$ cat protein28.txt   # compact mmCIF, C-alpha atoms
# COMPACT_ATOMS: atom_id res chain seq x y z
CA MET A 30 0.00 0.00 0.00
CA LEU A 31 2.78 2.37 0.96
CA THR A 32 4.64 1.50 -2.22
CA THR A 33 1.57 2.22 -4.31
CA LYS A 34 1.12 5.60 -2.69
CA THR A 35 4.73 6.52 -3.29
CA GLU A 36 4.52 5.41 -6.90
CA SER A 37 1.37 7.39 -7.41
CA LYS A 38 3.06 10.44 -5.93
CA LYS A 39 5.99 9.92 -8.25
CA ARG A 40 3.70 9.71 -11.26
CA THR A 41 1.91 12.90 -10.23
CA LYS A 42 5.13 14.77 -9.76
CA SER A 43 6.47 13.57 -13.05
CA SER A 44 3.30 14.58 -14.93
CA GLN A 45 3.55 18.04 -13.33
CA GLN A 46 7.17 18.27 -14.38
CA ARG A 47 6.30 17.26 -17.93
CA TRP A 48 3.65 19.98 -17.97
CA GLU A 49 6.16 22.60 -16.80
CA GLU A 50 8.75 21.43 -19.33
CA ASN A 51 6.18 21.76 -22.10
CA LEU A 52 5.25 25.29 -21.01
CA LEU A 53 8.91 26.34 -21.01
CA LYS A 54 9.44 24.68 -24.41
CA SER A 55 6.46 26.56 -25.87
CA PHE A 56 7.74 29.75 -24.27
CA ILE A 57 11.13 29.44 -25.97
CA GLU A 58 9.46 28.57 -29.29
CA MET A 59 7.44 31.78 -28.92
CA VAL A 60 10.65 33.74 -28.21
CA LYS A 61 12.24 32.29 -31.35
CA ALA A 62 9.16 32.78 -33.54
CA PRO A 63 8.78 36.03 -35.48
CA ASN A 64 6.45 38.61 -33.90
CA GLY A 65 2.85 37.90 -34.84
CA ASP A 66 3.35 34.13 -35.29
CA PHE A 67 -0.12 32.82 -34.42
CA PRO A 68 0.65 29.06 -34.38
CA ALA A 69 3.37 29.68 -31.76
CA LEU A 70 0.98 31.91 -29.80
CA ASN A 71 -1.71 29.27 -29.92
CA LYS A 72 0.72 26.58 -28.77
CA LEU A 73 1.80 28.73 -25.83
CA SER A 74 -1.82 29.42 -24.96
CA ILE A 75 -2.56 25.67 -24.87
CA ALA A 76 0.60 24.87 -22.92
CA ALA A 77 -0.22 27.55 -20.32
CA ARG A 78 -3.62 26.04 -19.50
CA ASP A 79 -4.18 24.15 -16.29
CA LYS A 80 -7.22 23.72 -14.08
CA GLY A 81 -5.54 25.16 -10.99
CA SER A 82 -4.58 28.57 -12.36
CA PHE A 83 -7.80 28.79 -14.40
CA GLN A 84 -9.83 28.31 -11.22
CA LEU A 85 -7.78 30.94 -9.40
CA MET A 86 -8.34 33.34 -12.30
CA ILE A 87 -12.11 32.80 -12.30
CA GLU A 88 -12.21 33.41 -8.54
CA HIS A 89 -10.24 36.61 -8.95
CA LEU A 90 -12.36 37.90 -11.85
CA SER A 91 -15.60 36.99 -10.06
CA THR A 92 -14.93 39.77 -7.56
CA ALA A 93 -16.21 42.15 -10.28
CA PRO A 94 -20.04 42.05 -10.60
CA GLU A 95 -19.84 42.47 -14.40
CA ALA A 96 -17.54 39.46 -14.70
CA GLN A 97 -19.73 37.41 -12.37
CA ALA A 98 -22.78 38.21 -14.52
CA ALA A 99 -20.86 37.47 -17.72
CA PHE A 100 -19.84 34.06 -16.38
CA GLU A 101 -23.53 33.27 -15.84
CA SER A 102 -24.79 34.54 -19.20
CA PHE A 103 -21.75 33.70 -21.35
CA LEU A 104 -21.93 37.30 -22.58
CA SER A 105 -21.17 37.74 -26.26
CA MET A 106 -20.65 40.99 -28.17
CA GLY A 107 -22.55 39.49 -31.10
CA ALA A 108 -22.05 40.92 -34.59
CA ILE A 109 -20.46 44.36 -34.32
CA ASP A 110 -21.40 46.72 -37.17
CA LEU A 111 -18.40 48.97 -37.80
CA ASP A 112 -20.36 51.14 -40.27
CA GLU A 113 -22.91 51.91 -37.59
CA LEU A 114 -20.21 52.67 -35.01
CA SER A 115 -18.51 55.02 -37.47
CA GLU A 116 -21.59 57.23 -37.41
CA LEU A 117 -21.17 57.93 -33.69
CA PRO A 118 -19.43 61.17 -32.60
CA ALA A 119 -15.67 61.09 -33.22
CA ASN A 120 -14.62 60.88 -29.56
CA THR A 121 -16.79 57.93 -28.57
CA LEU A 122 -15.57 54.42 -27.76
CA GLY A 123 -17.60 53.00 -30.67
CA TYR A 124 -16.25 55.44 -33.26
CA LEU A 125 -12.67 54.97 -32.08
CA PHE A 126 -13.05 51.19 -32.07
CA ALA A 127 -14.34 51.21 -35.66
CA GLU A 128 -11.44 53.47 -36.65
CA HIS A 129 -8.94 51.16 -34.89
CA MET A 130 -10.30 48.10 -36.73
CA ARG A 131 -10.30 49.85 -40.12
CA ARG A 132 -6.83 51.35 -39.71
CA ASN A 133 -5.42 47.91 -38.93
CA GLN A 134 -7.58 46.15 -41.53
CA PHE A 135 -8.91 43.83 -38.83
CA ASN A 136 -12.14 41.91 -39.31
CA VAL A 137 -14.75 41.71 -36.59
CA MET A 138 -14.97 38.18 -35.28
CA VAL A 139 -18.45 36.86 -34.57
CA ALA A 140 -18.08 34.35 -31.77
CA LYS A 141 -19.77 30.96 -31.87
CA GLN A 142 -21.81 29.72 -28.94
CA VAL A 143 -19.52 28.47 -26.22
CA PRO A 144 -19.97 25.09 -24.50
CA ASP A 145 -18.42 25.95 -21.12
CA ILE A 146 -16.89 28.66 -18.95
CA TYR A 147 -13.43 27.82 -20.18
CA HIS A 148 -14.29 28.51 -23.82
CA PHE A 149 -16.28 31.55 -22.71
CA VAL A 150 -13.18 33.11 -21.15
CA LEU A 151 -11.09 32.49 -24.27
CA THR A 152 -13.81 33.83 -26.55
CA HIS A 153 -14.47 36.90 -24.42
CA ILE A 154 -10.76 37.74 -24.39
CA TYR A 155 -10.64 37.40 -28.17
CA GLU A 156 -13.85 39.44 -28.66
CA THR A 157 -12.71 42.32 -26.44
CA HIS A 158 -8.95 42.46 -27.03
CA ASP A 159 -9.20 45.25 -29.60
CA ILE A 160 -11.70 47.18 -27.51
CA TRP A 161 -9.15 47.07 -24.68
CA HIS A 162 -6.53 48.38 -27.15
CA VAL A 163 -8.67 51.48 -27.71
CA ILE A 164 -9.54 51.96 -24.04
CA ILE A 165 -5.96 51.82 -22.75
CA GLY A 166 -4.59 53.70 -25.76
CA ALA A 167 -2.25 50.93 -26.93
CA ASP A 168 -1.49 50.87 -30.65
CA THR A 169 -0.81 47.63 -32.54
CA SER A 170 2.96 48.12 -32.79
CA PHE A 171 5.12 45.52 -31.03
CA TYR A 172 5.39 47.92 -28.10
CA GLY A 173 1.63 48.50 -28.02
CA GLU A 174 1.08 44.73 -27.92
CA ALA A 175 3.62 44.39 -25.09
CA GLN A 176 1.73 47.14 -23.24
CA ILE A 177 -1.58 45.30 -23.59
CA ASP A 178 0.06 41.97 -22.65
CA ALA A 179 1.16 43.56 -19.38
CA PHE A 180 -2.21 45.27 -18.87
CA SER A 181 -3.92 41.90 -19.39
CA ALA A 182 -1.49 40.13 -17.04
CA ALA A 183 -2.29 42.70 -14.34
CA GLN A 184 -6.04 42.35 -14.89
CA PHE A 185 -6.19 38.53 -15.06
CA LYS A 186 -3.53 38.16 -12.36
CA MET A 187 -3.30 34.34 -12.41
CA SER A 188 -2.78 33.98 -16.16
CA ARG A 189 0.33 31.97 -16.96
CA PHE A 190 -0.30 32.89 -20.60
CA PHE A 191 -0.22 36.70 -20.30
CA HIS A 192 2.71 36.67 -17.87
CA SER A 193 4.59 34.44 -20.32
CA LEU A 194 3.81 36.89 -23.13
CA VAL A 195 5.16 39.78 -21.07
CA ALA A 196 8.39 37.87 -20.42
CA LYS A 197 8.61 36.76 -24.03
CA ASN A 198 8.92 40.38 -25.17
CA ILE A 199 11.81 40.98 -22.74
CA VAL A 200 13.71 37.79 -23.61
CA LYS A 201 13.27 38.46 -27.32
CA ALA A 202 14.77 41.93 -26.92
CA ALA A 203 17.55 40.73 -24.59
CA THR A 204 18.56 38.05 -27.09
CA TYR A 205 17.99 39.53 -30.54
CA ASP A 206 17.73 43.31 -30.19
CA VAL A 207 19.03 44.69 -26.91
CA GLU A 208 18.40 48.31 -27.95
CA ALA A 209 14.67 47.49 -28.01
CA ALA A 210 14.73 46.30 -24.38
CA THR A 211 14.16 49.76 -22.90
CA PRO A 212 11.12 50.70 -25.04
CA TYR A 213 9.68 47.21 -24.38
CA MET A 214 10.16 47.59 -20.64
CA ASP A 215 8.66 51.10 -20.75
CA ALA A 216 5.61 49.72 -22.57
CA ILE A 217 5.29 46.77 -20.18
CA THR A 218 5.59 49.01 -17.14
CA LYS A 219 2.96 51.38 -18.52
CA GLY A 220 0.56 48.51 -19.23
CA TRP A 221 1.16 46.92 -15.84
CA VAL A 222 0.63 50.11 -13.83
CA THR A 223 -2.53 50.94 -15.81
CA GLY A 224 -3.86 47.40 -15.42
CA ARG A 225 -3.26 47.37 -11.69
CA GLN A 226 -5.00 50.71 -11.12
CA ALA A 227 -7.96 50.07 -13.42
CA LYS A 228 -11.23 48.45 -12.51
CA LEU A 229 -11.63 44.99 -14.01
CA LEU A 230 -12.56 45.28 -17.69
CA PHE A 231 -13.40 41.59 -18.03
CA GLY A 232 -17.09 40.83 -18.54
CA VAL A 233 -18.16 44.38 -19.36
CA ASP A 234 -20.78 44.61 -22.11
CA TRP A 235 -19.10 47.24 -24.25
CA ARG A 236 -22.21 47.63 -26.44
CA GLU A 237 -23.59 49.74 -23.60
CA TRP A 238 -20.54 52.00 -23.83
CA TRP A 239 -20.17 52.53 -27.61
CA ALA A 240 -21.78 55.98 -27.49
CA THR A 241 -19.79 57.16 -24.43
CA PRO A 242 -16.91 59.59 -24.97
CA ILE A 243 -13.59 57.76 -24.49
CA ASP A 244 -12.52 60.05 -21.62
CA GLU A 245 -15.66 59.14 -19.70
CA VAL A 246 -15.04 55.43 -20.35
CA ARG A 247 -11.49 55.82 -19.04
CA ASP A 248 -12.70 57.73 -15.99
CA ALA A 249 -15.34 55.12 -15.24
CA PHE A 250 -12.78 52.30 -15.32
CA HIS A 251 -9.93 54.25 -13.67
CA ILE A 252 -7.71 54.08 -16.72
CA VAL A 253 -5.00 56.63 -15.99
CA GLY A 254 -1.88 57.87 -17.74
CA VAL A 255 -3.11 57.35 -21.32
CA MET B 14 35.44 34.89 -54.74
CA LEU B 15 31.68 35.38 -54.55
CA THR B 16 31.26 31.87 -53.18
CA THR B 17 33.81 32.51 -50.47
CA LYS B 18 32.02 35.67 -49.39
CA THR B 19 28.68 33.87 -49.21
CA GLU B 20 30.21 31.03 -47.21
CA SER B 21 31.81 33.44 -44.81
CA LYS B 22 28.47 35.18 -44.37
CA LYS B 23 26.82 31.83 -43.68
CA ARG B 24 29.43 30.97 -41.06
CA THR B 25 28.95 34.33 -39.34
CA LYS B 26 25.20 33.95 -39.25
CA SER B 27 25.48 30.46 -37.87
CA SER B 28 27.89 31.51 -35.12
CA GLN B 29 25.47 34.30 -34.19
CA GLN B 30 22.64 31.76 -34.08
CA ARG B 31 24.69 29.45 -31.88
CA TRP B 32 25.35 32.36 -29.54
CA GLU B 33 21.64 33.18 -29.34
CA GLU B 34 20.74 29.51 -28.78
CA ASN B 35 23.24 29.34 -25.94
CA LEU B 36 21.84 32.47 -24.30
CA LEU B 37 18.30 31.06 -24.45
CA LYS B 38 19.54 27.71 -23.11
CA SER B 39 21.25 29.43 -20.17
CA PHE B 40 18.12 31.51 -19.62
CA ILE B 41 15.93 28.39 -19.31
CA GLU B 42 18.50 26.74 -17.03
CA MET B 43 18.29 29.83 -14.82
CA VAL B 44 14.47 29.60 -14.82
CA LYS B 45 14.69 25.95 -13.76
CA ALA B 46 17.39 26.52 -11.14
CA PRO B 47 16.35 27.27 -7.57
CA ASN B 48 16.49 30.95 -6.58
CA GLY B 49 20.01 31.94 -5.54
CA ASP B 50 21.75 29.32 -7.69
CA PHE B 51 25.06 31.04 -8.40
CA PRO B 52 26.48 28.58 -10.98
CA ALA B 53 23.35 29.11 -13.14
CA LEU B 54 23.64 32.88 -12.64
CA ASN B 55 27.29 32.80 -13.63
CA LYS B 56 26.54 30.73 -16.73
CA LEU B 57 23.82 33.19 -17.80
CA SER B 58 26.18 36.10 -17.18
CA ILE B 59 28.81 34.50 -19.45
CA ALA B 60 26.25 33.57 -22.12
CA ALA B 61 24.88 37.14 -22.16
CA ARG B 62 28.26 38.68 -22.96
CA ASP B 63 29.02 40.00 -26.40
CA LYS B 64 31.21 42.82 -27.64
CA GLY B 65 28.38 44.65 -29.38
CA SER B 66 26.05 45.13 -26.42
CA PHE B 67 28.99 45.71 -24.06
CA GLN B 68 30.20 48.56 -26.27
CA LEU B 69 26.68 50.05 -26.41
CA MET B 70 26.48 49.82 -22.62
CA ILE B 71 29.82 51.58 -22.12
CA GLU B 72 28.75 54.35 -24.50
CA HIS B 73 25.50 54.78 -22.60
CA LEU B 74 27.16 54.80 -19.16
CA SER B 75 29.87 57.21 -20.35
CA THR B 76 27.27 59.97 -20.59
CA ALA B 77 27.61 60.22 -16.78
CA PRO B 78 30.83 62.05 -15.76
CA GLU B 79 31.30 59.77 -12.72
CA ALA B 80 31.13 56.66 -14.90
CA GLN B 81 33.51 58.22 -17.45
CA ALA B 82 36.02 58.96 -14.66
CA ALA B 83 35.57 55.48 -13.20
CA PHE B 84 36.31 53.90 -16.58
CA GLU B 85 39.59 55.82 -16.66
CA SER B 86 40.67 55.08 -13.08
CA PHE B 87 39.15 51.60 -12.69
CA LEU B 88 37.60 52.89 -9.47
CA SER B 89 37.58 50.38 -6.62
CA MET B 90 35.80 50.68 -3.27
CA GLY B 91 38.82 49.02 -1.61
CA ALA B 92 38.43 47.32 1.76
CA ILE B 93 35.19 48.52 3.38
CA ASP B 94 35.32 48.51 7.18
CA LEU B 95 31.81 47.71 8.43
CA ASP B 96 32.74 48.41 12.08
CA GLU B 97 33.79 51.90 11.14
CA LEU B 98 30.61 52.50 9.11
CA SER B 99 28.50 51.31 12.04
CA GLU B 100 29.78 54.24 14.08
CA LEU B 101 28.23 56.74 11.68
CA PRO B 102 24.81 58.28 12.53
CA ALA B 103 21.96 55.79 12.11
CA ASN B 104 20.40 57.41 9.03
CA THR B 105 23.55 57.61 6.89
CA LEU B 106 24.30 55.53 3.82
CA GLY B 107 27.36 54.01 5.50
CA TYR B 108 25.51 52.98 8.68
CA LEU B 109 22.61 51.51 6.71
CA PHE B 110 24.97 49.65 4.39
CA ALA B 111 26.81 48.09 7.36
CA GLU B 112 23.47 47.12 8.87
CA HIS B 113 22.31 45.60 5.55
CA MET B 114 25.47 43.51 5.27
CA ARG B 115 25.30 42.31 8.90
CA ARG B 116 21.57 41.51 8.79
CA ASN B 117 22.13 39.34 5.70
CA GLN B 118 25.42 37.92 7.01
CA PHE B 119 27.16 39.08 3.82
CA ASN B 120 30.93 39.48 3.67
CA VAL B 121 32.55 42.52 2.12
CA MET B 122 34.34 41.53 -1.05
CA VAL B 123 37.72 43.17 -1.63
CA ALA B 124 38.17 43.35 -5.38
CA LYS B 125 41.39 42.33 -7.08
CA GLN B 126 43.07 44.62 -9.57
CA VAL B 127 41.29 44.42 -12.90
CA PRO B 128 43.12 43.91 -16.21
CA ASP B 129 40.64 45.68 -18.51
CA ILE B 130 37.43 47.71 -18.77
CA TYR B 131 35.37 44.57 -19.15
CA HIS B 132 36.49 43.12 -15.80
CA PHE B 133 36.23 46.58 -14.27
CA VAL B 134 32.50 46.73 -15.13
CA LEU B 135 31.83 43.27 -13.67
CA THR B 136 33.83 44.04 -10.53
CA HIS B 137 32.21 47.44 -10.02
CA ILE B 138 28.73 45.89 -10.33
CA TYR B 139 29.68 43.26 -7.79
CA GLU B 140 31.26 45.80 -5.40
CA THR B 141 28.30 48.17 -5.48
CA HIS B 142 25.30 45.83 -5.80
CA ASP B 143 24.55 45.86 -2.06
CA ILE B 144 25.07 49.60 -1.83
CA TRP B 145 22.43 49.95 -4.57
CA HIS B 146 20.15 47.69 -2.50
CA VAL B 147 20.30 50.19 0.37
CA ILE B 148 19.93 53.27 -1.85
CA ILE B 149 16.82 52.05 -3.69
CA GLY B 150 15.37 50.43 -0.57
CA ALA B 151 15.25 46.88 -1.98
CA ASP B 152 15.50 44.08 0.56
CA THR B 153 17.13 40.74 -0.23
CA SER B 154 13.88 38.79 -0.59
CA PHE B 155 13.16 37.29 -4.03
CA TYR B 156 10.98 40.33 -4.75
CA GLY B 157 13.68 42.74 -3.59
CA GLU B 158 16.15 41.04 -5.93
CA ALA B 159 13.66 41.27 -8.81
CA GLN B 160 13.28 44.97 -8.01
CA ILE B 161 17.03 45.55 -8.19
CA ASP B 162 17.32 43.42 -11.35
CA ALA B 163 14.83 45.77 -13.02
CA PHE B 164 16.51 48.87 -11.56
CA SER B 165 19.84 47.62 -12.94
CA ALA B 166 18.30 46.81 -16.34
CA ALA B 167 16.96 50.38 -16.52
CA GLN B 168 20.30 51.89 -15.52
CA PHE B 169 22.53 49.75 -17.77
CA LYS B 170 20.00 49.81 -20.60
CA MET B 171 21.90 47.56 -23.04
CA SER B 172 22.52 44.70 -20.60
CA ARG B 173 21.26 41.40 -21.97
CA PHE B 174 22.08 39.94 -18.56
CA PHE B 175 19.90 42.18 -16.39
CA HIS B 176 16.99 42.10 -18.85
CA SER B 177 17.23 38.29 -18.87
CA LEU B 178 17.15 38.29 -15.07
CA VAL B 179 14.02 40.45 -15.06
CA ALA B 180 12.30 38.05 -17.49
CA LYS B 181 13.54 35.02 -15.54
CA ASN B 182 11.58 36.13 -12.49
CA ILE B 183 8.38 36.43 -14.53
CA VAL B 184 8.76 33.09 -16.35
CA LYS B 185 9.60 31.33 -13.08
CA ALA B 186 6.40 32.67 -11.51
CA ALA B 187 4.27 31.98 -14.61
CA THR B 188 5.48 28.37 -14.68
CA TYR B 189 5.89 27.31 -11.07
CA ASP B 190 3.98 29.75 -8.87
CA VAL B 191 1.45 31.90 -10.71
CA GLU B 192 0.23 33.55 -7.50
CA ALA B 193 3.69 35.09 -7.15
CA ALA B 194 3.48 36.70 -10.60
CA THR B 195 1.73 39.84 -9.38
CA PRO B 196 4.14 40.67 -6.53
CA TYR B 197 7.05 39.95 -8.90
CA MET B 198 5.63 42.28 -11.54
CA ASP B 199 4.96 44.95 -8.90
CA ALA B 200 8.59 44.69 -7.74
CA ILE B 201 9.91 44.77 -11.31
CA THR B 202 7.76 47.77 -12.20
CA LYS B 203 8.92 49.62 -9.08
CA GLY B 204 12.58 48.89 -9.86
CA TRP B 205 12.21 49.85 -13.51
CA VAL B 206 10.44 53.15 -12.86
CA THR B 207 12.97 54.08 -10.17
CA GLY B 208 15.90 53.10 -12.40
CA ARG B 209 14.61 55.14 -15.32
CA GLN B 210 14.06 58.28 -13.23
CA ALA B 211 17.31 58.07 -11.26
CA LYS B 212 20.64 59.57 -12.23
CA LEU B 213 23.18 56.93 -13.24
CA LEU B 214 24.61 55.28 -10.13
CA PHE B 215 27.36 53.49 -12.02
CA GLY B 216 30.88 54.73 -11.29
CA VAL B 217 30.00 56.76 -8.20
CA ASP B 218 32.59 56.58 -5.43
CA TRP B 219 30.29 55.75 -2.58
CA ARG B 220 33.07 56.26 0.00
CA GLU B 221 32.41 59.98 -0.46
CA TRP B 222 28.76 59.42 0.47
CA TRP B 223 29.01 57.11 3.50
CA ALA B 224 28.40 59.94 5.99
CA THR B 225 25.48 61.44 4.03
CA PRO B 226 21.93 60.86 5.32
CA ILE B 227 20.16 58.37 3.05
CA ASP B 228 17.40 60.86 2.16
CA GLU B 229 20.00 63.28 0.85
CA VAL B 230 21.67 60.51 -1.15
CA ARG B 231 18.29 59.62 -2.67
CA ASP B 232 17.55 63.25 -3.46
CA ALA B 233 20.94 63.74 -5.08
CA PHE B 234 20.41 60.75 -7.39
CA HIS B 235 16.68 61.32 -8.02
CA ILE B 236 15.66 58.06 -6.35
CA VAL B 237 11.91 58.46 -5.88
CA GLY B 238 9.10 56.31 -4.50
CA VAL B 239 11.20 54.45 -1.90

$ encode --input "protein28.txt" --output "C-alpha cells"
Amino acid sequence: MLTTKTESKKRTKSSQQRWEENLLKSFIEMVKAPNGDFPALNKLSIAARDKGSFQLMIEHLSTAPEAQAAFESFLSMGAIDLDELSELPANTLGYLFAEHMRRNQFNVMVAKQVPDIYHFVLTHIYETHDIWHVIIGADTSFYGEAQIDAFSAAQFKMSRFFHSLVAKNIVKAATYDVEAATPYMDAITKGWVTGRQAKLLFGVDWREWWATPIDEVRDAFHIVGV
Amino acid sequence: MLTTKTESKKRTKSSQQRWEENLLKSFIEMVKAPNGDFPALNKLSIAARDKGSFQLMIEHLSTAPEAQAAFESFLSMGAIDLDELSELPANTLGYLFAEHMRRNQFNVMVAKQVPDIYHFVLTHIYETHDIWHVIIGADTSFYGEAQIDAFSAAQFKMSRFFHSLVAKNIVKAATYDVEAATPYMDAITKGWVTGRQAKLLFGVDWREWWATPIDEVRDAFHIVGV
C-alpha cells in the first residue's frame, strides 16, 4: 500500500514536471518565432492552461459584478457593425473602435456559442482584445502589444499565458535586439501600472458603452496615464 | 570569390545563431534553477556577454561624468570597514549599508586589480550591488532582488544579462507559482520606474557618500518612490 502511494506520488510529480517542461518549451518557441506568429501563440496558450490557475483566475475575476454576470450569461458581443459605429461622434468608444479596426484592416470576429466557462473566457478575451486596445490607448505596434500583454497580465492576475507573453517580449529583446529592451520595458511598465489601477474590464458589455466619450469610459474604469 | 564571401556570411550567421541559442539555453536553465543558484547565474552572465552590447552599454554609461572617470581610473571601493561605518549616525548611507550587510550575514568583497574595462565593469557591479540595495530600498527577498534586477536593467539599458534576469523572475512565476506573478511584476515595475528616473549610479565613489543621510543621497540621485 505504501509503495503504491509513493509510486502514485511519483507519477503525479512527473506529470507536473512534464507539464512545466512543455510550457517552457512553448515559451522558448514563442521567443524564437517572429512577432505575430499565431501558431506559436496558440501553442503557448494551450501549454499555459491548467485547471488550478484557471480556477484561481475565475475566482479573482468573479470579484467584479460584471464578470460574475458574464460568467452566468456567457456574454457575447454578437455581430459588431463597424459602419454603424462610425456614425457615432468622433470621440466615442464605438467610433474609435471602428477606426482602430479599419486602420489595422482587422475583421470583426463573430463568436460561436460556447460550450463551457473555459471557452467563454477564451472567446471573451478574443472578442474584447481590440476594444481594450482602444480603451488603454495601446497601438498595434510591437510595443503596443507588449503594453496590452502587461495590462492583461495585471487584470487577469493568475494567467500563466499573459505573464509568459510579457516575459517573451523581454527575452526576445535581450537576445535579438538589446536596444529594443528599454522601449519594451517602458511599454510593459505602462501597461502593468494601468492594469493594476484600473477596474476589471473583463465581462463588461461594451455595447452599452459605444456611445460614451472615451474620456468618460477611461474615468469610469480608472484608466490613468493614457 | 563570390562563393567565399557567401560562405563566410553563412558561417557568421550560424555563429550568431549558436550564440543566441546558448543564451536562451542558459536563460531556461536559470528559470529551472532554484532561486540563488550562483552557478546558473554565472553561466547566464557569461552567455549574455558579447562585444556589441557591451560597447553600447559603455557608450551609454559614459554619458555620466562619474562613470567616465571610473572607466579611466578603474575605481575600486577598496576594503570597506563595516565596524567603522556602524559608528556613523543611524540614518547615513554608511551605517545603513553596514546594517544591511550584517543583517544578511554578507561578507565585504575586496576586489582584485582588474586587467581591462570589461572586468572593471563586472567588478564594479559586484562591489556596489549591495550599496544599490540600500539606496533604492530593496531588501534581499526574491521580490527585492527582482526589483534591483529591473533597476539595474533600466540603468545599464543595453545589458542582456539584467533584462534576462528580469524576465527570468516572470517566467519562473508563470510556470511554477502563478500567484507570485503579481508581486514579482509589482517589484519589477517599481525597480524599472525608479531606475529610469534616477541619475546613473554606475561609477559613483560611494566612499564619499558614507556619511550622508540616506534621504540626501536619494535626493541627489533622483531616487523616488522608496

$ residues_around --input "protein28.txt" --residues "Ala166 of chain B" --least-positions-apart "2" --cutoff "8 Å" --atoms "all atoms listed in the file" --output "list in words"
Asp162, Ala163, Phe164, Gln168, Phe169, Lys170, Met171, Ser172, Phe175, His176, Val179, Trp205 and Gly208 of chain B

$ closest_atom_pairs --input "protein28.txt" --of "chain A" --to "chain B" --cutoff "8 Å" --atoms "only C-alpha atoms" --output "JSON lines"
{"residue": "A:Glu49", "atom": "CA", "partner": "B:Thr188", "partner_atom": "CA", "distance": 6.2}
{"residue": "A:Leu52", "atom": "CA", "partner": "B:Thr188", "partner_atom": "CA", "distance": 7.0}
{"residue": "A:Leu53", "atom": "CA", "partner": "B:Thr188", "partner_atom": "CA", "distance": 7.5}
{"residue": "A:Ile57", "atom": "CA", "partner": "B:Leu37", "partner_atom": "CA", "distance": 7.5}
{"residue": "A:Ser82", "atom": "CA", "partner": "B:Val191", "partner_atom": "CA", "distance": 7.1}
{"residue": "A:Ala183", "atom": "CA", "partner": "B:Thr195", "partner_atom": "CA", "distance": 7.0}
{"residue": "A:Lys186", "atom": "CA", "partner": "B:Thr195", "partner_atom": "CA", "distance": 6.3}
{"residue": "A:Met187", "atom": "CA", "partner": "B:Val191", "partner_atom": "CA", "distance": 5.6}
{"residue": "A:Ser188", "atom": "CA", "partner": "B:Val191", "partner_atom": "CA", "distance": 7.2}
{"residue": "A:Arg189", "atom": "CA", "partner": "B:Ala187", "partner_atom": "CA", "distance": 4.6}
{"residue": "A:Phe190", "atom": "CA", "partner": "B:Ala187", "partner_atom": "CA", "distance": 7.6}
{"residue": "A:His192", "atom": "CA", "partner": "B:Ala187", "partner_atom": "CA", "distance": 5.9}
{"residue": "A:Ser193", "atom": "CA", "partner": "B:Val184", "partner_atom": "CA", "distance": 5.9}
{"residue": "A:Ala196", "atom": "CA", "partner": "B:Ala180", "partner_atom": "CA", "distance": 4.9}
{"residue": "A:Lys197", "atom": "CA", "partner": "B:Ala180", "partner_atom": "CA", "distance": 7.6}
{"residue": "A:Ile199", "atom": "CA", "partner": "B:Ala180", "partner_atom": "CA", "distance": 6.0}
{"residue": "A:Val200", "atom": "CA", "partner": "B:Ser177", "partner_atom": "CA", "distance": 5.9}
{"residue": "A:Ala203", "atom": "CA", "partner": "B:Arg173", "partner_atom": "CA", "distance": 4.6}
{"residue": "A:Thr204", "atom": "CA", "partner": "B:Glu33", "partner_atom": "CA", "distance": 6.2}
{"residue": "A:Tyr205", "atom": "CA", "partner": "B:Glu33", "partner_atom": "CA", "distance": 7.4}
{"residue": "A:Val207", "atom": "CA", "partner": "B:Met171", "partner_atom": "CA", "distance": 5.6}
{"residue": "A:Glu208", "atom": "CA", "partner": "B:Met171", "partner_atom": "CA", "distance": 6.1}
{"residue": "A:Ala210", "atom": "CA", "partner": "B:His176", "partner_atom": "CA", "distance": 7.3}
{"residue": "A:Thr211", "atom": "CA", "partner": "B:Lys170", "partner_atom": "CA", "distance": 6.3}
{"residue": "A:Met214", "atom": "CA", "partner": "B:Trp205", "partner_atom": "CA", "distance": 7.8}
{"residue": "A:Thr218", "atom": "CA", "partner": "B:Thr202", "partner_atom": "CA", "distance": 5.5}
{"residue": "A:Trp221", "atom": "CA", "partner": "B:Thr202", "partner_atom": "CA", "distance": 7.6}
{"residue": "A:Val222", "atom": "CA", "partner": "B:Thr202", "partner_atom": "CA", "distance": 7.7}

$ residues_around --input "protein28.txt" --residues "Gly150 of chain B" --least-positions-apart "4" --cutoff "12 Å" --atoms "only C-alpha atoms" --output "count of residues only"
27

$ residues_near_point --input "protein28.txt" --point "(25.4, 48.1, -3.4)" --cutoff "12 Å" --atoms "all atoms listed in the file" --output "ChimeraX atom specification"
/B:90,93,106-107,109-111,113-114,119,121-122,136-153,158,161,165,214-220,223

$ axis_aligned_box --input "protein28.txt" --around "segment 116-126 of chain B" --padding-each-side "5 Å" --output "JSON"
{"center_x": 32.3, "center_y": 41.3, "center_z": -0.4, "size_x": 31.5, "size_y": 16.7, "size_z": 28.4}

$ atom_distance --input "protein28.txt" --atom1 "atom CA of Ser105 of chain A" --atom2 "atom CA of Ile75 of chain A"
22.2 Å

$ residues_near_point --input "protein28.txt" --point "(29.8, 59.8, 10.8)" --cutoff "12 Å" --atoms "all atoms listed in the file" --output "ChimeraX atom specification"
/B:96-109,220-226

$ atom_distance --input "protein28.txt" --atom1 "atom CA of Glu112 of chain B" --atom2 "atom CA of Gly91 of chain B"
18.7 Å

$ atom_distance --input "protein28.txt" --atom1 "atom CA of Phe133 of chain B" --atom2 "atom CA of Phe234 of chain B"
22.3 Å
